Every structure is written in C-alpha cells, then in structure tokens.
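Data first, discussion second: the structure below is written as structure tokens.
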Amino acid sequence: MGHYRLIFRGKLQDSTGRAEAIARLATALKITEDVVERSFFRQWPKTVFESDDRAKVDNIRRIFHRAGAELELLETAQSTPPEAAPPTSAAASAPSSAPPSAPPSAPSSTRPSRRAPLWAGAALVLCAAVGLAAWYTLPLWHHEESPQLPALEAALAQQDLLLLAHVDVHRAAELEKRYLGSDDSALVPAAGSGDLFGDLMRAGVDPREAVDLALVGAYPGDDGFAIAGVLQGHFDRERVQRFLRTHYELLPPVDGDSAIRVRTAPASSCQQARIFAVDITPQRIVFAPPQRLAPLLQRLQQQAEAEIPLQAWRDFRGTRIASVGIFAPKSAAKGVHGIAGMMLSGASGDLAAIEAGYLGVQASVAPPGLVLSAAASSSDGDFLDRKQAALDSALAEVRSKLDQRLPELARLFERVSVFRRHNQLGAEVSLDRHFSDDIRRAVDAALTGLFASTDIKLAGASAPTEQIDKDAAKFDRQYDPAQLPSFADSPGLADAPSAWSDGPFALGVESIGVADTGAPFVELQARARGLQNMADDGHTARVIVADALDAAGQSLLDTPGCGSDKNRQAADFGSASSGSLYNNGEATDYRENRATKKIQLRSGARLDQVAQIRGAIELLQPVETIDKVVHAPFAGKSLEFGGARVAFGEIEAGSLSYRSSGDTGQILAVRALNAKGQVLRRAGGSSFGPVLGGSRLHNARYYGVPQTMQVTFAKATQKIRYPFELRNIYPQPRSTSYSPPFATHAAEPGQLQQALQASVPAKKDSDYFSPPLGRAQAGPLRLALTQLQVSRALGLMAQFDLRAPLLPGLEHNLSGASLEVDTVVNASGEEQPLQTTQKFALTRPGWLFNGKWQNNADYLEAQTGLQQLHYDGGRPQSLKGSITLHFPLALQQRRIDTIEYGKTYSIDGVQLVPKALGRRDLSLQLGGETGRLAAIEVLDADGKRISGQASLYDTRDGHSTVRVSIGGVPHTLVIHMVEKSTTRKYPFEVALNG
C-alpha cells in the first residue's frame, strides 16, 4: 500500500485565471476566498493533502481540477507493511445502538462497559488538544522553503557582494498575527500619512498579502553601498506603479526599456538621492541601480550559479525568518558611515580574521517565540576559540554579579547563549511571550529594593486587584467650542504666570540657555486647562513656532535647504494630569495638559538678539463623539468608525493586546470596563509600530479583568487656531522671591574657637517623619541617620540629618563641609571599607515675615545623602566615618558683570559656564578647582541681589553643576573664592537602633 501527497505548484489551466480558480475552490471547499488565497496561492510548492487512502486523494485532485488548478500526485511506497486491520464494511461502520464489546482482556459479561466511552472521549480531547497546539505553533515549526530561493540568492551573489539580507515575509506576517497581537485582515491605511506602509496600502498593495519573500544585496558604490533586490509574491503592475509614483519621484522611461526608473529621495530631502530601475512581473519585482538591472535579470533568467561561496550563509539562514550576511566585513566597513562605521573600523584587527558575519531571527517552538542570532565565520579556529572563551567569561561574570545583586535581572541573561558550530561562533537571545514579564519582574525587584524600608506595595508584584479610574475623562456626545473656558480665569495662576494666554491656552518661556553643542535655545511651555473631548494622549492640540526675529525683523532660525525643519515642527500636548487648588479651604479640581517646544537659534546668533517669537496653538476640537463597545471574549473582534479601526487580541491576567490602524487621530480613548461598566485603571502598557501593514500594536495592562472594551471616536471636529507673539524671551519667575541675607563670610579665629565649643539642642524624634535609625556626635555637629536602604540592586544608601552651632563662614558655603562614610560594621562585628564622600552646605532656618526674612533658630542644619553601589554586605550594625569642615579665613570676590550664556569664564582656577536660566533657578557648569568656591550671588540689572540658596551637584567628566534659586532676571554674578582656610575633621560612628 502506498502513501500519497498532492502538491500544488501554482499551475493553472490555460483557460482559468487566478481569481477564477480561487473563487471556484472557495465554493467547492465551503471556505472564504481569503482562506483559499492564503492557504494555496501564497508560496509554492504547497502540500495540499496527503493520505494512504487513494480514493480520498483522487477526490481532492478532482475538486482542484474542476476549479482549474492542477495538483501533482506523488506516491511513496510503504517501507513496512501496516499491521492487519479488521475488515470494515458499511454495516460495520454504520451507527449502532448495540453496546460496545468489552476489551479483549476483560472478562465476559453481559453488562455494558462504561470505560470504553470514557477512553474514547479522553482520546478525542487529547487529539483535539494536540491538534490545537500543532495549529497554534504551525508558523514556528512548519517551514516550506520557496524552491526559487536558492536561485534568487545565487543571482544576487555576484563577485562584489558585500551584504545579503533575506526576509520570509509570509512567515513573519503569520507570526505577527498569531503572537504579536490581534489578527486583523482589514487594516485601514491612514489618510495622507506619508509613511511607507500607508502609501503601499493606499495604492492597493498590502505588503503582508502581496510579498512572500524579500532578498536584498549590497555592493560597493560610488557613495557607500549600491543596493539591488528581489521581491517574490504576486503583484499588480498598475498598483505598484501607483505606489512608486506616490512615494518616490518617477523619471522619464528609457526607449526600449520596460523598467520603471525612480529617484528615491526628493530634492527637499537631505538624504542622498538614489536612482533605481524596477522590473515588475506578476510574480516578482526586481530593483537595482540602472547599470545593474539588466545583468541581474539575465542571471535570474539563466539561473546562474553564485560567484561566491554561499553554503555557510545557507547553513546559517536555514529556517530563519530573517537573516543578514556580511560577506566582506573589512570592505563593508568602508561603506558604513556614522557610529557603525567607526565601530567596524575600530575592530579592523578582528575583521581581518572574520570571513563573514551573520544576523538572524528564528522562530522557536517551545516556548513559542523568537530567537535573535548573531554569528561570525572564520577559518581561523584559534581566533574563534579565543573569542568564545572571552564571550563565555564575560557572560559568566555578568551573571555572577547579577545573581548576587539582582537575580531577577540575572534570569534575563539566561536567555543569552553562546554557540560554536563548525567555523561559526555566535550568540543567541530568546524572546517569547514571557520576555516582557521577566523585564517587568526585574524592574519591580529594583523598585522593591529602592523602597525596601517602606510599606509601599508595587503594582505588578502580584495579581492585579480591580481598581476604578476615578480620574477618567468624560466625553460629551455634542460639544460647542464656545464653552471652552478662559485660561486667565483659572484659579491658582499667581505662582505660574504666563507671557501670553488666549482661550483655554497659556504660553511662556520656560528656559533659555546654550546646549552642549553650543547652539542657543529657547524652550517654550504651553498649558491648557478645561479642554473637553481631548484624546487620552492629548495630541489633538499642538504648538507651532513660525519664527524667532531680531529687532530688525530678521529671522534668527535656520531654514534648512533640505530635510525637516525641526524648529517649525509641531509639538503635541501630552496627556492630561489632574490636580486640586485650595482657596479659603475649598478645593477646586482641574485637568491640565502641557506641551514643550524647544527652538535652536542659527549659528552665530545670540539669545539677547531675540526680540520676538511668533507662532500659534492649533486645537482640533472634537465637537461630536461616539462610543463603540465590544464584549468579552475579545479575540478576533474589532471596532471601526470613519477611517479608524481597533482590532482586539487575546486577554491574559488583565493584559490585552490590540491593533490600531487608519486615521488613528480619530481614536480619542480605548478603555476597559468592568462588569458594572466602570472604567478600570491602567497598570501600564506599551505600543510599537508601524508593523507589517502600517498598523500599530498595543499591549495594555489593567487593574482588574476587562469585561467590555470601549473605544471613543471623534465623529466630527473643528479646527481652532490661536496665534501668539512673545516679545520677552526671559522666563517669568514662578513667584516673587525674597532671599535671605547673604551669610557666607570669613571666619575670625576668636569667633571660630568659641563657636566650636558651643552645643546645639538635639532634634526630637517627633520632629522627624519617622524616628531616626541612629544618632551620633561629630565634634560640634549632631548626626541623625534618617534612612538606610541595603539592596542588591542599589547597594547601600544612607540619608543624614545634621545640626551645628552658628559656625562662622559655613552658612551657605558650597565647599565648607563634607561627610564621608569609610567603614561598615556588620552584625558579626566585621568591618568592610567604603569610599563615599558628599559635600553639603549648612543653612540657618528661617521664614518670610512681612516681606522680610526672619531667622528663627540659633543653629545651622543640613540634609545630605550618599550611596555606595558596590556594596555586597547585609544590613549594617553601625557606620563609621568623619565630617570635615573647611573654615574660610579670607575670601575674595570676583565679578562677571554681564552674564553671557555658553561662555566659559576662568576665575582663579575655576571654569564657570552659565548654561541655562529657568523660572526658578540659574544653572552653572563648573570645572577645575571647585574646592575653593564658597558662594555665588546673582544680581539683577539694578544691582539687587535676587539669589537664594545654591545647590552643588557632582556630574561626570570632572564637572559639577550649581543651581542657584532666583527671583528675577539675572544680570551679574558675584563669585566668592576662598583665599585662606583652616580645616577640622571629626570622626563619628552611628550605631543602628535594634
């Protein structure tokens, strides 16, 4: 007896067209045309049916023949004859009411057996489960390589090939549908979006449906790479040409040449323009530089052999969904620009030993997911051995450290493996449906370590308990824009004045300064209150800057000759935040949206030249909305209105995947409701795209299990424009500031000795948020350890509260005091050395009374903290360290009469750069010998001091940042430098309570 297979190779009868054959098969098989097309007309050869029953095989073959499709019959002889089966007949196979016979081993009995139906039912359930699992994982383990693939690869594999890329689009689309989100076969292209996927779909070319296979080769070119490629699938020439006309610039045809010539980058783009010739047939699209197209088509027609070895490439490519091979790494480095080119050039020593490099994406079966691979091939076995040992050692070291500090993150590295196969060395990373959960657990563990000493419960650490979103925005079915409130009438604006307001919007300068690149910038902040029917992401309103002008009306912004104009790109408003303001003890709730827009001045321009900034805020106000709902189960269901669509996938443990497509600006909100119709609070989520087909995939997590999904669409909108003009670019202070008197003075020796003998009252436990963990005395200072956290993720973190007598010269002194913890004593009394030091400034408590600053205590105080990341011990028994005080005996003033942002000032070994001015503070970058810097005063143009407390922050590269609180517009800086000083050092040990 033989085994039979029916193979479909795409062959149709001469009188039958493709569409006609699909329609006939759909009718005969009682399935939709879409299923027929996906099942049999995507990729050939295709196994349609296989069985040992010749009658069934012939019947299927006849069905396809009548539909106009020809199947090839393959017969394989059975190597081992099957076991004899009991003869069957019509009578034997007919349903019978007689009781089933007992199993052979069962004793003879006239009582009907109940086990046979149970075993039969269990077997049926098992078969169904196996079948379901096989169907679900089919795109992972079932792979039929296109018979044309080797020939296509060989045609592209010319002598000068540098890079070859392969994508199995058909399998990628199947995996995307099954594992990345909802299966939505009716994606809607966004109108006028200008993106690649949108243009393809508007032209009638769905890349997921039309393309089965993509191959792209890169070769040396005059400027970087020359690109050629082949797309295999089924294409309509008119539709493809329509897409090319939309997305690229069509060039005049060449006489006698049917290829379409296109320019890939328009003149308005900064990208280098490339000219391609495109040959389109119903089964294939070939594109290449014009001089390469004819030879490539000839190689395809002749099925030419590869001019370079491809076996290693094919071994790696195998059944991967996508692969990239670099066949001449050293030469390829010359064609790669930017950071990648620098990295390849820097690795020239390794590249000399590498013959080829590969990247790939592979599907895994258990668990279903993807495996990302990177490999290199070399005939130098010693080189591969050394690199493998180095990779294994580095991976083991990382895992070992993370096992001790953060095992949750170490589990992520269990997904990474190094492999060596023949002359290939590589690494793989496995990604499955639990990958995001592993990342979330690692983040939760880090946060748990951060809040280890508190009672905070972290979302996501356990199963989500239902929580209702009490701040969920309400949408009006009908809304009149005339009802929009006036921002100027909003309460609580005294602390945040704005330079301009109109309707529900206000606008002001948030900060000015000089970027690290040296370009001056102005940052605007727009605010809106009381907006109604706004999208959850706030993007129905935006800020547009038209220009920044000097006093003569000349533009200070660059107008690029090509590419995007980032200065004039719109800045969208963000999601609304809720707040409450109190007036006479009564709370007023409000919702506020904000947008930030930063512009950079052209090269050579200065901030003081800006006389005017013009622009507008645009509001696309939804005046009519509509809700659409879908009830659980959600998988396979969708909601659509106008040109927007939302298709839903599976839900698991409060997480739901869905896909948005089309004019997504119409989608105002996607919300989950419980059984009572209440909006569930979101616990987080993510989104990415566009993916295949131009859609965007979302994953939302909720507190509770959604029973209904509600999508609010904008049914009608009205565009409202609010022009603005700013004539003052300096940030307006958030509130009037009253600065305490300047108190950093030189210390007199007599005063100093007397002050060091003074004592200060201890702070009571009731004065702290929670009682201190320990106390100590360090000379004249009292210390209280207010917080201590020890975790594998964050090491050791400690927070101290300090009190000192009125020590002369130390009040507001930036370099007057430092705290060092150098030893940790564990529970066993063992000492572990540390190296942590933090500067701090002492201040005198006080308040503002009748417009004047009043000191209310006869002592100085400070709060400071430190962290030691590389700490592997447990909870300490005590901390040992010292406090160092630097008393200035002589100070000298240096002045910067007019502040120029971005300019470097050198003052007695200190490099000072005014970087930015905000509403609350002035930021200065410091370098050099900052240990002598005692204080910085800021004066306005009238010479009045407008500065308050200064804070010093250490940064990378040996620099520090000083932020000085201000209450006006800075004009002059007064720098106080220490000329002479004396130092006192006081050791301490803080023993932890209990």
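Labeling convention for the structure tokens: chains A, B, ... as they appear, residues from 1 per chain, ligands from 1 in order of appearance.
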
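Summary of the local environment: counting only C-alpha atoms, residues at most 8 Å from Arg984 of chain A, other than itself and those fewer than 2 positions away along its chain, are Thr884, Leu885, His886, Thr982 and Tyr986 of chain A.
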
Could the residues in this selection be saved with N, CA and C atoms as a PDB file, in the first residue's frame?
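Saved the output as again.pdb:
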```pdb
ATOM      1  N   THR A 884      34.261  66.686  57.690  1.00  0.00           N
ATOM      2  CA  THR A 884      35.353  67.641  57.521  1.00  0.00           C
ATOM      3  C   THR A 884      34.761  69.024  57.293  1.00  0.00           C
ATOM      4  N   LEU A 885      35.249  70.001  58.065  1.00  0.00           N
ATOM      5  CA  LEU A 885      34.795  71.381  57.949  1.00  0.00           C
ATOM      6  C   LEU A 885      35.955  72.251  57.475  1.00  0.00           C
ATOM      7  N   HIS A 886      35.701  73.060  56.442  1.00  0.00           N
ATOM      8  CA  HIS A 886      36.700  73.989  55.912  1.00  0.00           C
ATOM      9  C   HIS A 886      36.244  75.416  56.230  1.00  0.00           C
ATOM     10  N   THR A 982      41.148  77.090  57.194  1.00  0.00           N
ATOM     11  CA  THR A 982      41.624  76.118  58.162  1.00  0.00           C
ATOM     12  C   THR A 982      40.628  74.965  58.221  1.00  0.00           C
ATOM     13  N   TYR A 986      36.232  65.565  62.141  1.00  0.00           N
ATOM     14  CA  TYR A 986      35.627  64.966  63.314  1.00  0.00           C
ATOM     15  C   TYR A 986      35.096  63.570  62.965  1.00  0.00           C
TER      16      TYR A 986
END
```

**Message:** I'd like to know which of A:Asn993, A:Asn59, A:Ser686, A:Thr864 is closest to Phe800 of chain A, using only C-alpha atoms.
**Reply:**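 Smallest distance to Phe800 of chain A is found for A:Thr864.
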
**Request:** Between atom CA of Glu725 of chain A and atom CA of Ala548 of chain A, measure the distance and give it in Å to one decimal.
**Result:**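 Between atom CA of Glu725 of chain A and atom CA of Ala548 of chain A the gap works out to 9.8 Å.
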
**Residues flagged strand (DSSP E or B) by DSSP in segment 775-823 of chain A, as a ChimeraX atom specification** = /A:775-778,781-791,795-804,811,817-823

**Prompt:** Quick one: DSSP helix (DSSP H, G or I) residues in segment 730-783 of chain A, as number ranges by chain?
**Reply:** A: 749-756, 765-767

Excluding Leu912 of chain A and any residue of its chain fewer than 3 positions from it, enumerate the residues within 8 Å of it, using only C-alpha atoms, and give them as a CSV table (one decimal) with all heavy atoms, in the first residue's frame.
```
chain,number,residue,atom,x,y,z
A,904,THR,N,32.7,80.5,28.6
A,904,THR,CA,33.4,79.9,29.7
A,904,THR,C,34.2,81.1,30.3
A,904,THR,O,35.0,81.8,29.7
A,904,THR,CB,34.4,78.9,29.2
A,904,THR,OG1,33.7,77.8,28.6
A,904,THR,CG2,35.2,78.3,30.3
A,905,TYR,N,34.1,81.2,31.6
A,905,TYR,CA,34.8,82.2,32.4
A,905,TYR,C,35.8,81.5,33.3
A,905,TYR,O,35.4,80.5,34.0
A,905,TYR,CB,33.8,83.0,33.3
A,905,TYR,CG,32.8,83.8,32.5
A,905,TYR,CD1,31.5,83.3,32.2
A,905,TYR,CD2,33.0,85.1,32.1
A,905,TYR,CE1,30.6,84.0,31.5
A,905,TYR,CE2,32.1,85.8,31.4
A,905,TYR,CZ,30.9,85.3,31.1
A,905,TYR,OH,29.9,86.0,30.4
A,906,SER,N,37.0,81.9,33.3
A,906,SER,CA,38.1,81.3,34.1
A,906,SER,C,38.3,82.2,35.3
A,906,SER,O,38.8,83.4,35.1
A,906,SER,CB,39.4,81.1,33.4
A,906,SER,OG,39.2,80.1,32.3
A,907,ILE,N,38.1,81.7,36.5
A,907,ILE,CA,38.2,82.5,37.7
A,907,ILE,C,39.0,81.8,38.8
A,907,ILE,O,38.5,80.8,39.4
A,907,ILE,CB,36.8,82.9,38.3
A,907,ILE,CG1,36.0,83.6,37.3
A,907,ILE,CG2,37.0,83.7,39.6
A,907,ILE,CD1,34.6,83.8,37.7
A,924,LEU,N,24.7,76.7,36.4
A,924,LEU,CA,26.0,77.0,36.0
A,924,LEU,C,26.8,75.7,36.0
A,924,LEU,O,26.7,74.9,36.9
A,924,LEU,CB,26.7,77.9,37.0
A,924,LEU,CG,25.9,79.2,37.3
A,924,LEU,CD1,26.4,79.9,38.5
A,924,LEU,CD2,25.9,80.2,36.1
A,925,GLN,N,27.7,75.5,35.0
A,925,GLN,CA,28.5,74.3,34.9
A,925,GLN,C,29.9,74.7,35.4
A,925,GLN,O,30.5,75.7,35.1
A,925,GLN,CB,28.7,73.8,33.5
A,925,GLN,CG,29.6,72.6,33.3
A,925,GLN,CD,29.6,72.1,31.9
A,925,GLN,OE1,28.7,71.5,31.4
A,925,GLN,NE2,30.8,72.3,31.3
A,926,LEU,N,30.5,73.9,36.3
A,926,LEU,CA,31.8,74.2,36.9
A,926,LEU,C,32.8,73.1,36.6
A,926,LEU,O,32.5,71.9,36.4
A,926,LEU,CB,31.6,74.2,38.5
A,926,LEU,CG,30.6,75.2,39.1
A,926,LEU,CD1,30.6,75.1,40.6
A,926,LEU,CD2,31.0,76.6,38.7
A,927,GLY,N,34.0,73.5,36.5
A,927,GLY,CA,35.1,72.6,36.3
A,927,GLY,C,36.4,73.2,37.0
A,927,GLY,O,36.4,74.4,37.4
```

**Prompt:** Neighbours of Ser981 of chain A within 10 Å (only C-alpha atoms; same-chain residues fewer than 3 positions away dropped), as a PyMOL selection string?
**Reply:** chain A and resi 746-747+809+816+885-891+932+978

Mind writing the picked residues with N, CA and C atoms as a PDB file, in the first residue's frame?
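Saved to selection35.pdb:
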```pdb
ATOM      1  N   ALA A 746      34.052  85.437  55.959  1.00  0.00           N
ATOM      2  CA  ALA A 746      35.276  84.849  56.509  1.00  0.00           C
ATOM      3  C   ALA A 746      35.149  84.698  58.019  1.00  0.00           C
ATOM      4  N   ALA A 747      35.781  83.659  58.538  1.00  0.00           N
ATOM      5  CA  ALA A 747      35.727  83.381  59.981  1.00  0.00           C
ATOM      6  C   ALA A 747      36.921  84.020  60.682  1.00  0.00           C
ATOM      7  N   GLY A 809      31.422  81.425  58.778  1.00  0.00           N
ATOM      8  CA  GLY A 809      31.926  81.163  57.442  1.00  0.00           C
ATOM      9  C   GLY A 809      31.354  79.949  56.756  1.00  0.00           C
ATOM     10  N   GLY A 816      32.203  74.217  52.212  1.00  0.00           N
ATOM     11  CA  GLY A 816      32.561  74.319  53.618  1.00  0.00           C
ATOM     12  C   GLY A 816      32.479  73.035  54.385  1.00  0.00           C
ATOM     13  N   LEU A 885      35.249  70.001  58.065  1.00  0.00           N
ATOM     14  CA  LEU A 885      34.795  71.381  57.949  1.00  0.00           C
ATOM     15  C   LEU A 885      35.955  72.251  57.475  1.00  0.00           C
ATOM     16  N   HIS A 886      35.701  73.060  56.442  1.00  0.00           N
ATOM     17  CA  HIS A 886      36.700  73.989  55.912  1.00  0.00           C
ATOM     18  C   HIS A 886      36.244  75.416  56.230  1.00  0.00           C
ATOM     19  N   PHE A 887      36.924  76.055  57.171  1.00  0.00           N
ATOM     20  CA  PHE A 887      36.540  77.398  57.596  1.00  0.00           C
ATOM     21  C   PHE A 887      37.329  78.424  56.772  1.00  0.00           C
ATOM     22  N   PRO A 888      36.636  79.304  56.036  1.00  0.00           N
ATOM     23  CA  PRO A 888      37.360  80.325  55.269  1.00  0.00           C
ATOM     24  C   PRO A 888      37.869  81.432  56.188  1.00  0.00           C
ATOM     25  N   LEU A 889      39.170  81.682  56.115  1.00  0.00           N
ATOM     26  CA  LEU A 889      39.759  82.771  56.903  1.00  0.00           C
ATOM     27  C   LEU A 889      39.875  84.042  56.081  1.00  0.00           C
ATOM     28  N   ALA A 890      39.857  83.902  54.763  1.00  0.00           N
ATOM     29  CA  ALA A 890      39.911  85.075  53.887  1.00  0.00           C
ATOM     30  C   ALA A 890      39.164  84.743  52.598  1.00  0.00           C
ATOM     31  N   LEU A 891      38.299  85.653  52.153  1.00  0.00           N
ATOM     32  CA  LEU A 891      37.519  85.494  50.924  1.00  0.00           C
ATOM     33  C   LEU A 891      37.845  86.633  49.972  1.00  0.00           C
ATOM     34  N   ARG A 932      37.632  75.589  46.144  1.00  0.00           N
ATOM     35  CA  ARG A 932      37.810  76.931  46.710  1.00  0.00           C
ATOM     36  C   ARG A 932      36.567  77.797  46.509  1.00  0.00           C
ATOM     37  N   VAL A 978      37.672  81.259  48.230  1.00  0.00           N
ATOM     38  CA  VAL A 978      38.426  81.129  49.476  1.00  0.00           C
ATOM     39  C   VAL A 978      39.910  81.373  49.191  1.00  0.00           C
TER      40      VAL A 978
END
```

**Minimum-distance residue to Pro150 of chain A, chosen among A:Ile729, A:Ala304, A:Val990, A:Ala675 (using only C-alpha atoms)** = A:Ala304

**Message:** Residues within 10 Å of segment 774-782 of chain A, please, as a VMD selection string. Count only C-alpha atoms; anything in the same chain fewer than 5 positions from it doesn't count.
**Reply:** chain A and resid 755 to 763 787 800 to 805 807 860 to 861 878 to 879 881 to 884 984 to 994

**Asked** Nearest to Leu556 of chain A among A:Thr588, A:Thr47, A:Thr319, A:Ser603, with distances taken over only C-alpha atoms: which residue is it?
**Response**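 Selected residue with least distance to Leu556 of chain A: A:Ser603.
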
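Pairwise distance (atom CA of Phe769 of chain A, atom CA of Leu866 of chain A) equals 19.4 Å.
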
**Request:** Between atom CA of Ser501 of chain A and atom CA of Asp572 of chain A, measure the distance and give it in Å to one decimal.
**Result:** 17.5 Å

**Item:** Near-Val629 of chain A list (7 Å; only C-alpha atoms; drop same-chain fewer than 6 positions) as an MDAnalysis selection string
**Value:** chainID A and resid 708:711

With only C-alpha atoms counted and 9 Å as the cut-off, give the residues of segment 645-700 of chain A in contact with segment 470-484 of chain A, each with its shortest interatomic distance in Å and the pair that gives it, as CSV.
```
residue,atom,partner,partner_atom,distance
A:Val679,CA,A:Ala472,CA,7.2
A:Leu680,CA,A:Lys470,CA,8.8
A:Arg681,CA,A:Lys470,CA,8.0
```

Could you write out the selected residues, including all heavy atoms, as a PDB file, in the first residue's frame?
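Output contents, as saved in out13.pdb:
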```pdb
ATOM      1  N   VAL A 679     -14.849  52.308  34.450  1.00  0.00           N
ATOM      2  CA  VAL A 679     -13.559  52.329  33.766  1.00  0.00           C
ATOM      3  C   VAL A 679     -12.478  51.786  34.694  1.00  0.00           C
ATOM      4  O   VAL A 679     -12.305  52.270  35.818  1.00  0.00           O
ATOM      5  CB  VAL A 679     -13.191  53.757  33.310  1.00  0.00           C
ATOM      6  CG1 VAL A 679     -11.819  53.766  32.622  1.00  0.00           C
ATOM      7  CG2 VAL A 679     -14.258  54.311  32.379  1.00  0.00           C
ATOM      8  N   LEU A 680     -11.744  50.769  34.217  1.00  0.00           N
ATOM      9  CA  LEU A 680     -10.657  50.199  35.002  1.00  0.00           C
ATOM     10  C   LEU A 680      -9.402  51.069  34.874  1.00  0.00           C
ATOM     11  O   LEU A 680      -9.098  51.579  33.789  1.00  0.00           O
ATOM     12  CB  LEU A 680     -10.338  48.780  34.523  1.00  0.00           C
ATOM     13  CG  LEU A 680     -11.425  47.723  34.729  1.00  0.00           C
ATOM     14  CD1 LEU A 680     -10.982  46.400  34.146  1.00  0.00           C
ATOM     15  CD2 LEU A 680     -11.757  47.563  36.213  1.00  0.00           C
ATOM     16  N   ARG A 681      -8.693  51.193  35.967  1.00  0.00           N
ATOM     17  CA  ARG A 681      -7.442  51.942  35.949  1.00  0.00           C
ATOM     18  C   ARG A 681      -6.369  51.137  35.230  1.00  0.00           C
ATOM     19  O   ARG A 681      -6.261  49.919  35.417  1.00  0.00           O
ATOM     20  CB  ARG A 681      -7.005  52.240  37.383  1.00  0.00           C
ATOM     21  CG  ARG A 681      -5.757  53.082  37.487  1.00  0.00           C
ATOM     22  CD  ARG A 681      -5.393  53.292  38.939  1.00  0.00           C
ATOM     23  NE  ARG A 681      -4.018  53.743  39.070  1.00  0.00           N
ATOM     24  CZ  ARG A 681      -3.246  53.521  40.116  1.00  0.00           C
ATOM     25  NH1 ARG A 681      -3.741  52.847  41.139  1.00  0.00           N
ATOM     26  NH2 ARG A 681      -2.014  53.955  40.169  1.00  0.00           N
TER      27      ARG A 681
END
```

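Using only C-alpha atoms, the protein and nucleic acid residues lying no more than 12 Å from Gln311 of chain A, apart from those fewer than 6 places from it along its own chain, are Pro150, Glu153, Ala154, Ala157, Arg317, Gly318, Gly325, Phe327, Ala356, Ser377 and Asn423 of chain A.
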